[in-house]
$ cat protein_13.txt   # compact mmCIF, C-alpha atoms and all ligand atoms
# COMPACT_ATOMS: atom_id res chain seq x y z
CA MET Q 71 -8.91 -0.51 11.20
CA SER Q 72 -9.16 -2.11 7.75
CA SER Q 73 -5.66 -2.51 6.43
CA PHE Q 74 -6.43 -2.96 2.71
CA ILE Q 75 -6.26 -0.01 0.34
CA ASN Q 76 -7.84 0.01 -3.11
CA ILE Q 77 -4.99 1.22 -5.31
CA HIS Q 78 -5.19 2.37 -8.90
CA SER Q 79 -1.45 2.26 -9.60
CA ILE Q 80 2.00 2.85 -8.15
CA ILE Q 81 5.03 4.57 -9.67
CA PRO Q 82 8.10 3.40 -7.74
CA SER Q 83 10.21 6.46 -8.62
CA SER Q 84 9.22 9.90 -9.90
CA ARG Q 85 10.84 13.35 -9.84
CA VAL Q 86 7.77 15.37 -10.81
CA ASN Q 87 5.37 14.57 -7.95
CA GLY Q 88 7.04 16.39 -5.06
CA PRO Q 89 10.61 16.93 -3.79
CA GLY Q 90 13.39 14.50 -4.74
CA LYS Q 91 12.71 10.97 -5.87
CA ARG Q 92 9.35 9.76 -4.64
CA MET Q 93 7.18 6.68 -4.80
CA VAL Q 94 3.76 7.81 -6.04
CA ILE Q 95 0.69 5.92 -4.89
CA PHE Q 96 -2.61 6.58 -6.68
CA PHE Q 97 -5.71 5.64 -4.69
CA GLN Q 98 -8.74 4.31 -6.55
CA GLY Q 99 -12.10 6.06 -6.18
CA CYS Q 100 -13.11 9.73 -6.34
CA TYR Q 101 -16.47 11.51 -6.44
CA HIS Q 102 -15.31 15.13 -6.74
CA ASP Q 103 -15.88 15.10 -10.50
CA CYS Q 104 -13.58 18.04 -11.32
CA PRO Q 105 -14.04 18.94 -15.01
CA TYR Q 106 -10.90 18.04 -17.02
CA CYS Q 107 -9.59 15.81 -14.21
CA PHE Q 108 -6.08 14.58 -15.10
CA ASN Q 109 -6.77 11.03 -13.92
CA PRO Q 110 -10.36 9.96 -14.72
CA ASP Q 111 -9.49 6.25 -14.62
CA THR Q 112 -9.24 6.59 -10.84
CA HIS Q 113 -12.87 7.68 -10.33
CA SER Q 114 -14.66 4.33 -10.21
CA PHE Q 115 -15.03 2.61 -6.85
CA ASP Q 116 -14.50 -0.85 -8.34
CA LYS Q 117 -11.91 -2.87 -6.50
CA ILE Q 118 -8.77 -2.69 -8.66
CA ASN Q 119 -5.75 -3.68 -6.54
CA LEU Q 120 -6.16 -4.37 -2.84
CA TYR Q 121 -2.89 -3.97 -0.96
CA THR Q 122 -1.87 -3.55 2.65
CA PRO Q 123 0.66 -0.76 3.29
CA GLU Q 124 3.25 -3.39 4.12
CA GLU Q 125 2.71 -5.07 0.73
CA ILE Q 126 3.13 -1.75 -1.07
CA PHE Q 127 6.47 -1.01 0.56
CA LYS Q 128 7.75 -4.57 0.26
CA LYS Q 129 6.95 -4.75 -3.43
CA HIS Q 130 7.73 -1.23 -4.66
CA LEU Q 131 10.06 0.67 -2.32
CA ARG Q 132 13.49 1.46 -3.78
CA GLN Q 133 16.48 2.43 -1.68
CA ASP Q 134 16.99 5.92 -3.09
CA ILE Q 135 13.42 7.12 -2.43
CA GLU Q 136 13.06 10.01 0.03
CA GLY Q 137 9.33 9.89 0.44
CA ILE Q 138 5.90 8.94 -0.77
CA THR Q 139 3.38 11.06 -2.61
CA VAL Q 140 -0.22 9.97 -2.27
CA SER Q 141 -2.61 11.04 -5.00
CA GLY Q 142 -5.61 9.65 -6.78
CA GLY Q 143 -8.42 9.36 -6.96
CA GLU Q 144 -9.23 10.72 -3.54
CA PRO Q 145 -6.98 9.36 -0.77
CA PHE Q 146 -9.23 10.60 2.04
CA LEU Q 147 -12.14 8.44 0.87
CA GLN Q 148 -10.14 5.52 2.31
CA PRO Q 149 -9.06 7.27 5.51
CA LYS Q 150 -8.26 4.17 7.55
CA GLY Q 151 -6.01 2.73 4.88
CA LEU Q 152 -4.44 6.14 4.32
CA TYR Q 153 -3.73 6.46 8.03
CA ARG Q 154 -1.94 3.11 8.15
CA LEU Q 155 0.00 3.88 4.99
CA LEU Q 156 1.25 7.24 6.29
CA LYS Q 157 2.10 5.89 9.71
CA THR Q 158 4.04 2.98 8.21
CA ALA Q 159 5.89 5.33 5.83
CA ARG Q 160 7.01 7.58 8.65
CA TYR Q 161 7.74 5.11 11.44
CA ALA Q 162 8.83 1.94 9.64
CA TYR Q 163 10.70 3.53 6.70
CA ASN Q 164 11.48 7.12 7.77
CA LEU Q 165 9.95 8.46 4.54
CA THR Q 166 8.50 11.92 4.04
CA THR Q 167 4.82 12.16 3.12
CA VAL Q 168 3.07 14.41 0.61
CA VAL Q 169 -0.66 14.04 0.01
CA TYR Q 170 -2.90 15.56 -2.70
CA THR Q 171 -6.62 15.80 -2.00
CA GLY Q 172 -9.69 17.26 -3.65
CA PHE Q 173 -11.13 18.08 -0.22
CA GLU Q 174 -10.28 21.32 1.50
CA TYR Q 175 -8.28 21.25 4.70
CA ASN Q 176 -11.22 22.49 6.79
CA GLU Q 177 -13.44 19.70 5.44
CA LEU Q 178 -10.84 17.11 6.48
CA ARG Q 179 -10.57 18.57 9.97
CA ARG Q 180 -14.23 17.68 10.63
CA ASP Q 181 -13.65 13.91 10.37
CA ASN Q 182 -11.87 12.08 13.19
CA VAL Q 183 -9.87 9.64 11.06
CA CYS Q 184 -8.95 12.26 8.46
CA ARG Q 185 -7.71 14.46 11.28
CA LEU Q 186 -5.51 11.61 12.50
CA CYS Q 187 -4.08 11.24 8.98
CA LEU Q 188 -3.05 14.90 8.99
CA GLU Q 189 -0.70 14.19 11.90
CA PHE Q 190 1.42 11.98 9.63
CA ILE Q 191 1.59 14.30 6.63
CA ASP Q 192 4.53 16.61 5.94
CA VAL Q 193 2.81 18.51 3.13
CA LEU Q 194 -0.84 18.56 2.09
CA ILE Q 195 -2.02 20.08 -1.21
CA ASP Q 196 -5.77 20.60 -1.04
CA GLY Q 197 -8.70 21.60 -3.22
CA ARG Q 198 -10.41 20.50 -6.40
CA TYR Q 199 -8.80 20.93 -9.80
CA GLU Q 200 -10.00 24.08 -11.62
CA GLU Q 201 -9.11 24.14 -15.30
CA SER Q 202 -9.58 27.94 -15.53
CA LYS Q 203 -6.84 28.35 -12.89
CA LYS Q 204 -4.43 25.78 -14.36
CA GLU Q 205 -0.94 26.12 -12.90
CA ASN Q 206 1.42 27.49 -15.54
CA THR Q 207 4.70 27.27 -13.62
CA LEU Q 208 6.70 24.19 -12.54
CA LEU Q 209 5.03 24.26 -9.11
CA ALA Q 210 3.68 20.78 -8.35
CA ARG Q 211 -0.03 21.38 -8.31
CA GLY Q 212 -2.77 21.19 -10.91
CA SER Q 213 -4.37 24.60 -10.44
CA ALA Q 214 -3.58 27.81 -8.61
CA ASN Q 215 -6.56 27.56 -6.20
CA GLN Q 216 -4.94 24.52 -4.56
CA ARG Q 217 -3.08 25.39 -1.35
CA PHE Q 218 0.07 23.97 0.24
CA TYR Q 219 0.03 23.17 3.96
CA PHE Q 220 3.47 22.57 5.49
CA PHE Q 221 2.77 20.67 8.71
CA THR Q 222 6.43 19.96 9.47
CA SER Q 223 9.70 21.73 8.73
CA ARG Q 224 10.93 19.09 6.27
CA TYR Q 225 9.96 21.04 3.15
CA LEU Q 226 9.38 24.60 1.93
CA GLN Q 227 7.31 25.78 -1.01
CA LYS Q 228 10.47 26.19 -3.13
CA ASP Q 229 10.97 22.40 -2.89
CA PHE Q 230 7.80 21.95 -4.93
CA TYR Q 231 9.20 23.55 -8.08
CA MET Q 232 9.84 20.48 -10.20
CA PRO Q 233 12.60 19.87 -12.79
CA ALA Q 234 9.85 19.26 -15.36
CA LYS Q 235 6.06 19.21 -15.61
CA ALA Q 236 5.72 15.57 -16.61
CA GLU Q 237 7.55 12.27 -17.04
CA ILE Q 238 7.06 9.32 -19.34
CA ILE Q 239 7.60 6.03 -17.56
CA ILE Q 240 7.96 2.60 -19.12
CA GLY Q 241 6.92 -0.01 -16.56
CA ASN Q 242 8.25 -3.54 -16.12
CA ASP Q 243 5.08 -4.65 -17.89
CA GLY Q 244 6.13 -2.61 -20.95
CA ILE Q 245 3.21 -0.19 -20.54
CA ILE Q 246 4.02 3.49 -21.15
CA ARG Q 247 2.54 5.87 -18.58
CA GLU Q 248 2.60 9.60 -18.07
CA THR Q 249 2.83 11.30 -14.70
CA GLY Q 250 3.14 14.87 -13.46
CA PHE Q 251 1.19 18.07 -13.96
CA SER Q 252 0.98 18.37 -17.71
CA ARG Q 253 -0.32 16.30 -20.59
CA ILE Q 254 2.05 14.84 -23.15
CA ASP Q 255 0.68 13.55 -26.45
CA LEU Q 256 1.75 9.88 -26.41
CA LYS Q 257 0.34 9.14 -29.87
S1 LIG A 1 -10.15 15.34 -6.92
FE1 LIG A 1 -8.47 14.76 -8.28
S2 LIG A 1 -9.00 12.68 -9.01
FE2 LIG A 1 -10.86 13.58 -8.14
S3 LIG A 1 -11.95 14.49 -9.89
FE3 LIG A 1 -10.70 16.11 -8.94
S4 LIG A 1 -8.76 16.10 -10.07
FE4 LIG A 1 -9.81 14.16 -10.49
$ encode --input "protein_13.txt" --output "structure tokens"
Amino acid sequence: MSSFINIHSIIPSSRVNGPGKRMVIFFQGCYHDCPYCFNPDTHSFDKINLYTPEEIFKKHLRQDIEGITVSGGEPFLQPKGLYRLLKTARYAYNLTTVVYTGFEYNELRRDNVCRLCLEFIDVLIDGRYEESKKENTLLARGSANQRFYFFTSRYLQKDFYMPAKAEIIIGNDGIIRETGFSRIDLK
């Protein structure tokens, strides 16, 4: 299996993308084209940053992180890389795994590699973003049509109520980024 993943960006520590402190990994490439997508820069399939899972953990993993959240872009459009990433997170680092996808669970079940990925996911949040159903609580999802699948007993739905809807992060490169499930006017 190809071990490189095309990554848009990585946030080493966030408290608004799933339970506790999490490393957030945004995959590059998505064709779902949800109107009002929160992350349109991730749509192109240009090669942005090619990393192996091992490189991601070596470079970005902090000690106080309890798990990874994989978002995008569409993680399941790189299923082999996603599989290796999830497996490495669970077996090599004992991290929990949360994955957001624009596909629906039943669509993923039809593909052999995607099905393998599901075995290494603690919580899946599925479905395309629908602006008319925008989530208006602190639950960590974009819109109310998206469903939570708890494949293990590590988390419950109450763990996905976040302390805030969004965070502003200043990276080592000095660039200010926003993450979470709301838009903040940075101007
Ligand atoms: S699936 Fe996610 S990244 Fe893709 S268009 Fe929809 S909201 Fe945007």
$ residues_near_ligand --input "protein_13.txt" --ligand "ligand LIG 1 (chain A)" --cutoff "8 Å" --atoms "only C-alpha atoms and all ligand atoms" --output "PyMOL selection string"
chain Q and resi 99-110+112-113+141-144+170-173+197-199+212
$ atom_distance --input "protein_13.txt" --atom1 "atom CA of Ile80 of chain Q" --atom2 "atom CA of Val94 of chain Q"
5.7 Å
$ residues_near_point --input "protein_13.txt" --point "(-1.2, 15.5, 0.0)" --cutoff "8 Å" --atoms "all atoms listed in the file" --output "list in words"
Thr139, Val140, Ser141, Thr167, Val168, Val169, Tyr170, Thr171, Ile191, Val193, Leu194, Ile195 and Asp196 of chain Q
$ atom_distance --input "protein_13.txt" --atom1 "atom CA of Asn182 of chain Q" --atom2 "atom CA of Lys150 of chain Q"
10.4 Å
$ closest_residue --input "protein_13.txt" --among "Q:Ser114, Q:Ser79, Q:Ser84, Q:Thr122" --to "Thr158 of chain Q" --atoms "all atoms listed in the file"
Q:Thr122
$ residues_around --input "protein_13.txt" --residues "Phe190 of chain Q" --least-positions-apart "2" --cutoff "6 Å" --atoms "all atoms listed in the file" --output "VMD selection string"
chain Q and resid 156 187 to 188
$ closest_atom_pairs --input "protein_13.txt" --of "segment 120-185 of chain Q" --to "segment 86-93 of chain Q" --cutoff "8 Å" --atoms "only C-alpha atoms" --output "CSV"
residue,atom,partner,partner_atom,distance
Q:His130,CA,Q:Met93,CA,7.9
Q:Leu131,CA,Q:Met93,CA,7.1
Q:Asp134,CA,Q:Lys91,CA,7.2
Q:Ile135,CA,Q:Lys91,CA,5.2
Q:Glu136,CA,Q:Arg92,CA,6.0
Q:Gly137,CA,Q:Arg92,CA,5.1
Q:Ile138,CA,Q:Met93,CA,4.8
Q:Thr139,CA,Q:Met93,CA,6.2
Q:Val168,CA,Q:Gly88,CA,7.2
$ closest_residue --input "protein_13.txt" --among "Q:Leu120, Q:Leu209, Q:Leu178, Q:Cys184" --to "Asp229 of chain Q" --atoms "only C-alpha atoms"
Q:Leu209
$ closest_residue --input "protein_13.txt" --among "Q:Ile75, Q:Ile81, Q:Ser223, Q:Ser202" --to "Ile238 of chain Q" --atoms "all atoms listed in the file"
Q:Ile81
$ build_atoms --input "protein_13.txt" --residues "segment 73-90 of chain Q" --atoms "N, CA and C atoms" --output "PDB file, in the coordinates of the input"
ATOM      1  N   SER Q  73      -7.025  -2.813   6.852  1.00  0.00           N
ATOM      2  CA  SER Q  73      -5.660  -2.510   6.430  1.00  0.00           C
ATOM      3  C   SER Q  73      -5.503  -2.526   4.918  1.00  0.00           C
ATOM      4  N   PHE Q  74      -6.561  -2.913   4.173  1.00  0.00           N
ATOM      5  CA  PHE Q  74      -6.430  -2.960   2.710  1.00  0.00           C
ATOM      6  C   PHE Q  74      -6.783  -1.604   2.092  1.00  0.00           C
ATOM      7  N   ILE Q  75      -6.003  -1.253   1.068  1.00  0.00           N
ATOM      8  CA  ILE Q  75      -6.260  -0.010   0.340  1.00  0.00           C
ATOM      9  C   ILE Q  75      -6.526  -0.391  -1.112  1.00  0.00           C
ATOM     10  N   ASN Q  76      -7.556   0.221  -1.689  1.00  0.00           N
ATOM     11  CA  ASN Q  76      -7.840   0.010  -3.110  1.00  0.00           C
ATOM     12  C   ASN Q  76      -6.971   0.984  -3.907  1.00  0.00           C
ATOM     13  N   ILE Q  77      -6.011   0.421  -4.623  1.00  0.00           N
ATOM     14  CA  ILE Q  77      -4.990   1.220  -5.310  1.00  0.00           C
ATOM     15  C   ILE Q  77      -5.224   1.183  -6.819  1.00  0.00           C
ATOM     16  N   HIS Q  78      -5.122   2.331  -7.436  1.00  0.00           N
ATOM     17  CA  HIS Q  78      -5.190   2.370  -8.900  1.00  0.00           C
ATOM     18  C   HIS Q  78      -3.858   1.959  -9.505  1.00  0.00           C
ATOM     19  N   SER Q  79      -2.765   2.599  -9.058  1.00  0.00           N
ATOM     20  CA  SER Q  79      -1.450   2.260  -9.600  1.00  0.00           C
ATOM     21  C   SER Q  79      -0.355   2.858  -8.710  1.00  0.00           C
ATOM     22  N   ILE Q  80       0.850   2.386  -8.925  1.00  0.00           N
ATOM     23  CA  ILE Q  80       2.000   2.850  -8.150  1.00  0.00           C
ATOM     24  C   ILE Q  80       3.155   3.126  -9.101  1.00  0.00           C
ATOM     25  N   ILE Q  81       3.803   4.271  -8.931  1.00  0.00           N
ATOM     26  CA  ILE Q  81       5.030   4.570  -9.670  1.00  0.00           C
ATOM     27  C   ILE Q  81       6.163   4.513  -8.654  1.00  0.00           C
ATOM     28  N   PRO Q  82       7.065   3.567  -8.776  1.00  0.00           N
ATOM     29  CA  PRO Q  82       8.100   3.400  -7.740  1.00  0.00           C
ATOM     30  C   PRO Q  82       9.040   4.599  -7.615  1.00  0.00           C
ATOM     31  N   SER Q  83       9.277   5.334  -8.704  1.00  0.00           N
ATOM     32  CA  SER Q  83      10.210   6.460  -8.620  1.00  0.00           C
ATOM     33  C   SER Q  83       9.807   7.559  -9.599  1.00  0.00           C
ATOM     34  N   SER Q  84       9.577   8.761  -9.052  1.00  0.00           N
ATOM     35  CA  SER Q  84       9.220   9.900  -9.900  1.00  0.00           C
ATOM     36  C   SER Q  84       9.902  11.140  -9.357  1.00  0.00           C
ATOM     37  N   ARG Q  85      10.251  12.075 -10.269  1.00  0.00           N
ATOM     38  CA  ARG Q  85      10.840  13.350  -9.840  1.00  0.00           C
ATOM     39  C   ARG Q  85       9.927  14.537 -10.127  1.00  0.00           C
ATOM     40  N   VAL Q  86       8.681  14.258 -10.477  1.00  0.00           N
ATOM     41  CA  VAL Q  86       7.770  15.370 -10.810  1.00  0.00           C
ATOM     42  C   VAL Q  86       6.503  15.362  -9.952  1.00  0.00           C
ATOM     43  N   ASN Q  87       6.544  14.641  -8.829  1.00  0.00           N
ATOM     44  CA  ASN Q  87       5.370  14.570  -7.950  1.00  0.00           C
ATOM     45  C   ASN Q  87       5.740  14.957  -6.520  1.00  0.00           C
ATOM     46  N   GLY Q  88       6.584  15.978  -6.384  1.00  0.00           N
ATOM     47  CA  GLY Q  88       7.040  16.390  -5.060  1.00  0.00           C
ATOM     48  C   GLY Q  88       8.549  16.337  -5.009  1.00  0.00           C
ATOM     49  N   PRO Q  89       9.149  16.777  -3.877  1.00  0.00           N
ATOM     50  CA  PRO Q  89      10.610  16.930  -3.790  1.00  0.00           C
ATOM     51  C   PRO Q  89      11.377  15.608  -3.924  1.00  0.00           C
ATOM     52  N   GLY Q  90      12.494  15.667  -4.627  1.00  0.00           N
ATOM     53  CA  GLY Q  90      13.390  14.500  -4.740  1.00  0.00           C
ATOM     54  C   GLY Q  90      12.735  13.355  -5.488  1.00  0.00           C
TER      55      GLY Q  90
END
